[in-house]
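Note: the block below is start_13.cif and it holds mmCIF, C-alpha atoms and all ligand atoms.
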data_entry
loop_
_atom_site.label_atom_id
_atom_site.label_comp_id
_atom_site.auth_asym_id
_atom_site.auth_seq_id
_atom_site.Cartn_x
_atom_site.Cartn_y
_atom_site.Cartn_z
CA MET V 1 102.40 -30.57 94.11
CA ILE V 2 101.26 -27.97 91.54
CA VAL V 3 97.91 -26.16 91.81
CA ILE V 4 96.05 -26.16 88.48
CA SER V 5 92.91 -24.12 88.06
CA ASN V 6 90.09 -26.02 86.35
CA CYS V 7 88.24 -23.67 83.95
CA LYS V 8 85.25 -26.06 83.77
CA ASN V 9 84.27 -25.80 87.44
CA ASN V 10 86.38 -22.82 88.57
CA LYS V 11 88.03 -24.98 91.20
CA ASN V 12 91.71 -25.36 91.92
CA GLU V 13 92.96 -28.92 91.55
CA LEU V 14 96.20 -30.54 92.61
CA PHE V 15 98.61 -32.01 90.08
CA ASP V 16 100.95 -34.30 91.98
CA MET V 17 104.34 -34.50 90.23
CA SER V 18 105.29 -37.39 92.51
CA SER V 19 102.42 -39.63 91.41
CA LEU V 20 102.51 -39.66 87.63
CA PRO V 21 101.70 -42.61 85.38
CA GLN V 22 104.99 -44.37 84.62
CA HIS V 23 103.61 -45.76 81.38
CA LEU V 24 101.10 -43.66 79.46
CA ALA V 25 99.31 -45.22 76.46
CA ILE V 26 97.19 -43.30 73.96
CA ILE V 27 94.61 -44.30 71.33
CA MET V 28 94.84 -41.25 69.08
CA ASP V 29 91.40 -41.02 67.51
CA GLY V 30 89.44 -38.34 65.67
CA ASN V 31 91.82 -37.11 62.96
CA GLY V 32 89.17 -37.72 60.27
CA ARG V 33 86.40 -36.03 62.26
CA TRP V 34 88.65 -33.06 62.97
CA ALA V 35 89.31 -32.63 59.25
CA LYS V 36 85.64 -33.11 58.31
CA LYS V 37 84.55 -30.50 60.83
CA LYS V 38 86.87 -27.99 59.23
CA GLY V 39 86.05 -28.99 55.63
CA PHE V 40 89.56 -30.35 55.02
CA PRO V 41 90.62 -33.69 53.48
CA ARG V 42 91.27 -36.47 56.02
CA SER V 43 95.00 -36.25 55.28
CA MET V 44 95.02 -32.81 56.91
CA GLY V 45 93.69 -34.38 60.12
CA HIS V 46 96.56 -36.88 60.13
CA LYS V 47 99.10 -34.10 59.48
CA GLU V 48 97.75 -32.11 62.44
CA GLY V 49 97.67 -35.37 64.43
CA ALA V 50 101.44 -35.62 63.95
CA LYS V 51 101.78 -32.16 65.57
CA ALA V 52 99.73 -33.38 68.54
CA VAL V 53 102.15 -36.33 68.85
CA LYS V 54 105.02 -33.83 69.13
CA ARG V 55 103.11 -31.91 71.83
CA VAL V 56 102.39 -34.99 73.93
CA ILE V 57 106.05 -36.10 73.70
CA ALA V 58 107.13 -32.64 74.93
CA SER V 59 104.67 -32.90 77.85
CA CYS V 60 106.00 -36.35 78.81
CA LEU V 61 109.51 -34.88 78.85
CA ASP V 62 108.30 -31.94 80.99
CA PHE V 63 106.63 -34.25 83.51
CA ASN V 64 109.34 -36.96 83.45
CA ILE V 65 106.87 -39.63 82.34
CA PRO V 66 109.29 -42.39 81.32
CA ILE V 67 107.21 -44.46 78.84
CA LEU V 68 104.71 -43.34 76.20
CA THR V 69 102.97 -45.79 73.85
CA ILE V 70 100.94 -44.43 70.93
CA PHE V 71 98.63 -46.36 68.60
CA ALA V 72 99.53 -45.10 65.13
CA PHE V 73 98.23 -47.82 62.76
CA SER V 74 96.25 -50.95 63.54
CA THR V 75 96.14 -54.33 61.79
CA GLU V 76 92.54 -53.32 60.92
CA ASN V 77 93.54 -49.97 59.37
CA TRP V 78 94.49 -51.79 56.11
CA LYS V 79 90.71 -51.78 55.41
CA ARG V 80 90.88 -47.99 54.78
CA PRO V 81 91.04 -46.53 51.25
CA LYS V 82 94.42 -47.23 49.56
CA LYS V 83 95.11 -43.52 49.18
CA GLU V 84 94.68 -42.85 52.91
CA ILE V 85 96.90 -45.82 53.85
CA ALA V 86 99.61 -44.63 51.46
CA TYR V 87 99.38 -41.12 52.93
CA LEU V 88 99.65 -42.39 56.51
CA LEU V 89 102.64 -44.65 55.81
CA LYS V 90 104.45 -41.83 53.96
CA LEU V 91 103.63 -39.44 56.82
CA PHE V 92 105.19 -41.84 59.36
CA GLU V 93 108.28 -42.18 57.17
CA SER V 94 108.73 -38.44 56.73
CA VAL V 95 108.15 -37.71 60.44
CA LEU V 96 110.77 -40.30 61.42
CA VAL V 97 113.34 -38.70 59.10
CA LYS V 98 112.45 -35.12 60.04
CA GLU V 99 112.39 -35.71 63.80
CA LYS V 100 115.43 -38.01 64.10
CA ALA V 101 117.86 -35.31 65.29
CA ASN V 102 115.27 -33.91 67.71
CA LEU V 103 114.58 -37.33 69.22
CA ILE V 104 118.28 -38.01 69.69
CA ARG V 105 118.89 -34.55 71.20
CA ASN V 106 116.11 -35.14 73.72
CA ASN V 107 117.51 -38.54 74.74
CA ILE V 108 114.39 -40.42 73.54
CA LYS V 109 114.56 -44.14 72.84
CA ILE V 110 112.29 -45.21 69.98
CA ASN V 111 110.71 -48.61 69.95
CA PHE V 112 108.10 -50.00 67.53
CA ILE V 113 105.55 -52.72 68.23
CA GLY V 114 103.47 -54.57 65.65
CA ARG V 115 103.97 -56.83 62.61
CA LEU V 116 106.67 -54.58 61.21
CA THR V 117 107.87 -56.93 58.46
CA ASP V 118 104.56 -56.40 56.58
CA LEU V 119 105.32 -52.67 56.24
CA PRO V 120 106.81 -51.18 53.05
CA THR V 121 110.62 -51.70 52.98
CA PRO V 122 111.56 -47.97 53.00
CA LEU V 123 109.46 -47.42 56.16
CA ASN V 124 110.82 -50.59 57.76
CA ASP V 125 114.39 -49.43 57.01
CA LYS V 126 113.75 -46.03 58.64
CA ILE V 127 112.21 -47.76 61.67
CA ASN V 128 115.26 -50.02 62.11
CA GLU V 129 117.64 -47.12 61.61
CA LEU V 130 115.86 -44.94 64.20
CA CYS V 131 115.65 -47.76 66.77
CA GLU V 132 119.36 -48.48 66.31
CA SER V 133 120.37 -44.78 66.61
CA THR V 134 118.33 -44.24 69.78
CA LYS V 135 118.78 -47.58 71.54
CA LYS V 136 121.06 -46.20 74.28
CA ASN V 137 118.78 -43.23 75.11
CA ASN V 138 116.97 -43.32 78.43
CA ARG V 139 114.96 -40.18 79.19
CA LEU V 140 111.74 -41.35 77.51
CA ILE V 141 110.84 -44.60 75.76
CA LEU V 142 108.53 -43.75 72.88
CA ASN V 143 106.79 -46.94 71.87
CA ILE V 144 104.96 -46.63 68.53
CA ALA V 145 102.37 -49.25 67.58
CA VAL V 146 102.27 -49.70 63.79
CA ASN V 147 100.48 -52.56 62.03
CA TYR V 148 99.65 -53.47 65.61
CA GLY V 149 96.74 -55.59 66.83
CA GLY V 150 96.35 -56.94 70.36
CA ARG V 151 94.99 -60.27 69.12
CA ALA V 152 97.77 -60.60 66.52
CA GLU V 153 100.26 -59.90 69.32
CA ILE V 154 98.81 -62.74 71.44
CA VAL V 155 98.88 -65.11 68.43
CA ASP V 156 102.54 -64.15 67.84
CA ALA V 157 103.28 -64.75 71.54
CA ILE V 158 101.67 -68.23 71.37
CA ASN V 159 103.77 -69.09 68.31
CA SER V 160 106.92 -67.84 70.00
CA ILE V 161 106.13 -69.95 73.10
CA ILE V 162 105.52 -73.06 70.94
CA LEU V 163 108.84 -72.51 69.17
CA LYS V 164 110.68 -72.26 72.50
CA ILE V 165 109.02 -75.48 73.69
CA ASP V 166 109.97 -77.20 70.41
CA LYS V 167 113.57 -76.11 70.81
CA LYS V 168 113.52 -77.31 74.43
CA ASN V 169 114.16 -73.76 75.67
CA LEU V 170 110.91 -73.80 77.66
CA ASN V 171 109.24 -76.46 79.76
CA ILE V 172 105.56 -76.95 78.80
CA ASP V 173 104.63 -77.42 82.50
CA LYS V 174 106.06 -74.05 83.46
CA ILE V 175 103.78 -71.79 81.39
CA ASN V 176 102.14 -69.01 83.40
CA GLU V 177 101.05 -65.36 82.96
CA ASP V 178 104.67 -64.17 83.03
CA THR V 179 105.47 -66.52 80.13
CA VAL V 180 102.78 -64.81 78.05
CA SER V 181 103.91 -61.28 79.06
CA ASP V 182 107.52 -62.20 78.29
CA ASN V 183 106.58 -63.20 74.74
CA LEU V 184 104.55 -60.12 73.83
CA TYR V 185 106.04 -57.26 71.75
CA THR V 186 106.12 -55.32 75.06
CA TYR V 187 108.12 -58.01 76.91
CA ASN V 188 110.57 -55.38 78.20
CA LEU V 189 108.00 -52.80 79.37
CA PRO V 190 105.70 -52.52 82.40
CA ASP V 191 101.94 -52.49 81.67
CA PRO V 192 100.41 -49.03 81.04
CA ASP V 193 99.12 -47.21 84.15
CA LEU V 194 96.88 -44.85 82.20
CA LEU V 195 95.24 -45.26 78.79
CA ILE V 196 93.84 -42.14 77.15
CA ARG V 197 91.45 -42.38 74.20
CA THR V 198 90.52 -39.23 72.32
CA ALA V 199 87.38 -38.53 70.25
CA GLY V 200 84.97 -40.09 72.72
CA GLU V 201 84.65 -43.75 71.68
CA MET V 202 84.33 -46.10 74.67
CA ARG V 203 86.20 -49.09 73.32
CA ILE V 204 89.66 -50.66 73.38
CA SER V 205 89.85 -51.34 69.60
CA ASN V 206 92.25 -54.28 69.91
CA PHE V 207 94.92 -52.14 71.62
CA MET V 208 97.19 -53.77 74.24
CA ILE V 209 94.36 -56.10 75.30
CA TRP V 210 96.63 -58.22 77.51
CA GLN V 211 98.59 -55.32 79.01
CA THR V 212 95.60 -53.14 79.95
CA ALA V 213 94.01 -55.67 82.34
CA TYR V 214 94.48 -53.19 85.23
CA THR V 215 95.13 -49.96 83.36
CA GLU V 216 93.07 -46.88 84.28
CA PHE V 217 91.06 -45.51 81.32
CA TRP V 218 90.37 -41.87 80.45
CA VAL V 219 88.17 -41.07 77.46
CA THR V 220 87.92 -37.47 76.29
CA PRO V 221 85.72 -35.99 73.56
CA VAL V 222 88.67 -33.87 72.39
CA LEU V 223 89.70 -34.86 68.84
CA TRP V 224 93.34 -35.98 68.61
CA PRO V 225 94.65 -33.01 66.54
CA ASP V 226 93.32 -30.66 69.27
CA PHE V 227 94.78 -32.65 72.19
CA ASP V 228 97.23 -30.53 74.20
CA LYS V 229 99.11 -30.33 77.49
CA LYS V 230 96.05 -28.99 79.33
CA ASN V 231 94.03 -32.06 78.24
CA LEU V 232 96.85 -34.34 79.40
CA ILE V 233 96.95 -32.62 82.79
CA GLU V 234 93.17 -33.09 83.12
CA ALA V 235 93.54 -36.83 82.44
CA ILE V 236 96.42 -37.17 84.92
CA ILE V 237 94.62 -35.25 87.69
CA ASN V 238 91.69 -37.64 87.30
CA PHE V 239 94.08 -40.64 87.28
CA GLN V 240 95.63 -39.41 90.53
CA LYS V 241 92.22 -39.58 92.26
CA ARG V 242 91.71 -43.27 91.41
CA VAL V 243 92.21 -46.01 93.97
CA ARG V 244 93.99 -48.88 92.21
CA LYS V 245 93.02 -52.13 93.89
CA TYR V 246 94.05 -54.67 91.20
CA GLY V 247 91.07 -56.76 92.24
CA GLY V 248 92.14 -56.78 95.88
CA LYS V 249 90.78 -54.97 98.93
CA ILE V 250 92.31 -51.70 100.17
C1 LIG V 301 92.78 -41.99 64.10
O1 LIG V 301 91.99 -41.04 63.49
C2 LIG V 301 94.16 -41.85 63.76
C3 LIG V 301 94.92 -42.73 63.00
C4 LIG V 301 94.40 -43.97 62.44
C5 LIG V 301 96.29 -42.47 62.65
C6 LIG V 301 97.15 -41.88 63.71
C7 LIG V 301 98.20 -41.10 63.04
C8 LIG V 301 98.65 -39.92 63.45
C9 LIG V 301 98.24 -39.24 64.67
C10 LIG V 301 99.65 -39.25 62.60
C11 LIG V 301 101.02 -39.13 63.11
C12 LIG V 301 101.58 -40.27 63.83
C13 LIG V 301 102.89 -40.47 64.03
C14 LIG V 301 103.36 -41.65 64.78
C15 LIG V 301 103.91 -39.55 63.48
P1 LIG V 301 90.86 -41.52 62.48
O2 LIG V 301 91.43 -41.35 61.10
O3 LIG V 301 90.43 -42.88 62.83
O4 LIG V 301 89.76 -40.45 62.77
P2 LIG V 301 88.17 -40.64 62.65
O5 LIG V 301 87.79 -41.78 63.54
O6 LIG V 301 87.65 -39.32 63.13
O7 LIG V 301 87.87 -40.88 61.20
#
Any chance you could put this one into structure tokens?
Ligand code: FPP
Amino acid sequence: MIVISNCKNNKNELFDMSSLPQHLAIIMDGNGRWAKKKGFPRSMGHKEGAKAVKRVIASCLDFNIPILTIFAFSTENWKRPKKEIAYLLKLFESVLVKEKANLIRNNIKINFIGRLTDLPTPLNDKINELCESTKKNNRLILNIAVNYGGRAEIVDAINSIILKIDKKNLNIDKINEDTVSDNLYTYNLPDPDLLIRTAGEMRISNFMIWQTAYTEFWVTPVLWPDFDKKNLIEAIINFQKRVRKYGGKI
């Protein structure tokens, strides 16, 4: 147990290292607003957002949180101006190349979820290369959602189930919730325990809509490029006070 002093109410709070979320998911929002507030182009917000990603990965390593999923680009983000999309995709590519050695050194396994084949080939190649080079790592699974949509994921799961039935690899009478979970992009991961959304919006935005059925939510007004370890601790302390009933009675 670590005592953390809360500057907002001057009270000491307990941060329990033995009761951490095992799967942390984050909707990183507010890059554009951060840039606007400072009079910078939106691209600057995304660049600073990449630094916040590095910070949150370091915090997960410090706390031994084993799985982190971040929402980097949604199936709806293609509606943004072409220039911003091109900047974002190039930023992802350059971060993957620049951080490869660091990720390997820190024993991080990289996994991507989303409709990856629609991404530009150079980015797709870097994604495959990074997943291959880190596949045996086991300190932290960093799951990056790119061209990801929760509804698209469910549609893809339905198609995969139909294919298995067609090929007689699955009995149509045996379909249950586990069958759906097993055919999602996250088939090999537990559901998130805690979902953090930055920049204050109170919505799920098509992110892990199946997997978050019983996930605890934490929304903070902090814009993603400003998000730091202290903000993560605040979210986790609040998470540790929740009683998780999963619809049952405690
Ligand atoms: C939301 O801010 C953020 C995104 C759509 C992109 C997330 C990308 C990063 C954090 C960059 C680095 C990521 C990786 C994986 C290296 P917004 O643009 O929607 O902000 P706004 O709502 O204030 O306009």
In Å, how far is it from CA of Lys37 (chain V) to atom C2 of ligand LIG 301 (chain V)?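 For CA of Lys37 (chain V) relative to atom C2 of ligand LIG 301 (chain V), the distance reads 15.2 Å.
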Would you work out the distance separating CA of Lys136 (chain V) from CA of Ile57 (chain V), expressed in Å to one decimal?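 For CA of Lys136 (chain V) relative to CA of Ile57 (chain V), the distance reads 18.1 Å.
Put simply, CA of Val95 (chain V) is 5.5 Å away from atom C15 of ligand LIG 301 (chain V).
Every protein, DNA or RNA residue with an atom at most 10 Å from Arg55 (chain V), where all atoms listed in the file count and chain neighbours fewer than 6 positions away do not, is listed here: Gly49, Leu61, Phe227, Asp228 and Lys229 of chain V.
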Using only C-alpha atoms, the best pick from V:Leu20, V:Leu194, V:Ile237, V:Ile67 as closest to Asn111 (chain V) would be V:Ile67
Residues within 6 Å of ligand LIG 301 (chain V), counting all atoms listed in the file: report them as a PyMOL selection string. chain V and resi 28-33+46+49-50+72-73+92+95
Can you pull out every residue within 7 Å of Val146 (chain V), counting only C-alpha atoms, but drop anything in the same chain fewer than 4 positions away, and send it as a list in words? Phe71, Ala72, Phe73, Ser74, Phe112, Ile113 and Gly114 of chain V
Counting all atoms listed in the file, which of V:Ala213, V:Cys60, V:Ala145, V:Leu89 gets nearest to Asn106 (chain V)?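 Selected residue with least distance to Asn106 (chain V): V:Cys60.
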Find the residue from V:Asp226, V:Glu234, V:Asp182, V:Glu216 that sits nearest to Ile158 (chain V); use all atoms listed in the file when measuring.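 For Ile158 (chain V), the nearest of the candidates is V:Asp182.
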Min atom-atom distance to Ile26 (chain V) from the set V:Asn188, V:Asn138, V:Asn143, V:Asn171, counting only C-alpha atoms, belongs to V:Asn143
Show me, as a list in words, the residues that have an atom within 9 Å of Ala152 (chain V) when counting all atoms listed in the file, minus same-chain residues fewer than 4 positions from it. Thr75, Gly114, Arg115, Tyr148, Asp156 and Ala157 of chain V
Please save C-alpha atoms of the selected residues as a short mmCIF file (atom, residue, chain, number, x, y, z; two decimals), in the coordinates of the input.
data_model
loop_
_atom_site.label_atom_id
_atom_site.label_comp_id
_atom_site.auth_asym_id
_atom_site.auth_seq_id
_atom_site.Cartn_x
_atom_site.Cartn_y
_atom_site.Cartn_z
CA THR V 75 96.14 -54.33 61.79
CA GLY V 114 103.47 -54.57 65.65
CA ARG V 115 103.97 -56.83 62.61
CA TYR V 148 99.65 -53.47 65.61
CA ASP V 156 102.54 -64.15 67.84
CA ALA V 157 103.28 -64.75 71.54
#
Taking the block just given, write region 142-155 of chain V to a file that holds N, CA and C atoms, as an mmCIF file, in the first residue's frame.
data_model
loop_
_atom_site.group_PDB
_atom_site.id
_atom_site.type_symbol
_atom_site.label_atom_id
_atom_site.label_comp_id
_atom_site.auth_asym_id
_atom_site.auth_seq_id
_atom_site.Cartn_x
_atom_site.Cartn_y
_atom_site.Cartn_z
ATOM 1 N N LEU V 142 1.056 -4.428 -25.085
ATOM 2 C CA LEU V 142 0.553 -3.122 -25.532
ATOM 3 C C LEU V 142 -0.299 -3.381 -26.766
ATOM 4 N N ASN V 143 -1.588 -3.147 -26.595
ATOM 5 C CA ASN V 143 -2.564 -3.457 -27.628
ATOM 6 C C ASN V 143 -2.969 -2.119 -28.263
ATOM 7 N N ILE V 144 -2.682 -1.933 -29.532
ATOM 8 C CA ILE V 144 -2.957 -0.625 -30.162
ATOM 9 C C ILE V 144 -4.104 -0.781 -31.158
ATOM 10 N N ALA V 145 -5.170 0.005 -30.933
ATOM 11 C CA ALA V 145 -6.339 -0.066 -31.822
ATOM 12 C C ALA V 145 -6.159 0.959 -32.949
ATOM 13 N N VAL V 146 -6.042 0.456 -34.168
ATOM 14 C CA VAL V 146 -5.864 1.331 -35.344
ATOM 15 C C VAL V 146 -6.841 0.878 -36.425
ATOM 16 N N ASN V 147 -7.513 1.846 -37.038
ATOM 17 C CA ASN V 147 -8.639 1.547 -37.933
ATOM 18 C C ASN V 147 -9.571 0.562 -37.219
ATOM 19 N N TYR V 148 -9.817 0.894 -35.961
ATOM 20 C CA TYR V 148 -10.625 0.043 -35.091
ATOM 21 C C TYR V 148 -12.013 0.647 -34.878
ATOM 22 N N GLY V 149 -13.035 -0.205 -34.943
ATOM 23 C CA GLY V 149 -14.390 0.189 -34.572
ATOM 24 C C GLY V 149 -15.024 -1.008 -33.877
ATOM 25 N N GLY V 150 -15.704 -0.770 -32.770
ATOM 26 C CA GLY V 150 -16.327 -1.866 -32.032
ATOM 27 C C GLY V 150 -17.394 -2.577 -32.854
ATOM 28 N N ARG V 151 -18.162 -1.806 -33.640
ATOM 29 C CA ARG V 151 -19.211 -2.443 -34.450
ATOM 30 C C ARG V 151 -18.582 -3.255 -35.579
ATOM 31 N N ALA V 152 -17.536 -2.675 -36.201
ATOM 32 C CA ALA V 152 -16.833 -3.405 -37.277
ATOM 33 C C ALA V 152 -16.269 -4.707 -36.719
ATOM 34 N N GLU V 153 -15.764 -4.653 -35.487
ATOM 35 C CA GLU V 153 -15.187 -5.847 -34.856
ATOM 36 C C GLU V 153 -16.256 -6.933 -34.669
ATOM 37 N N ILE V 154 -17.473 -6.509 -34.279
ATOM 38 C CA ILE V 154 -18.552 -7.491 -34.079
ATOM 39 C C ILE V 154 -18.982 -8.078 -35.434
ATOM 40 N N VAL V 155 -19.041 -7.208 -36.469
ATOM 41 C CA VAL V 155 -19.382 -7.704 -37.813
ATOM 42 C C VAL V 155 -18.325 -8.725 -38.256
#
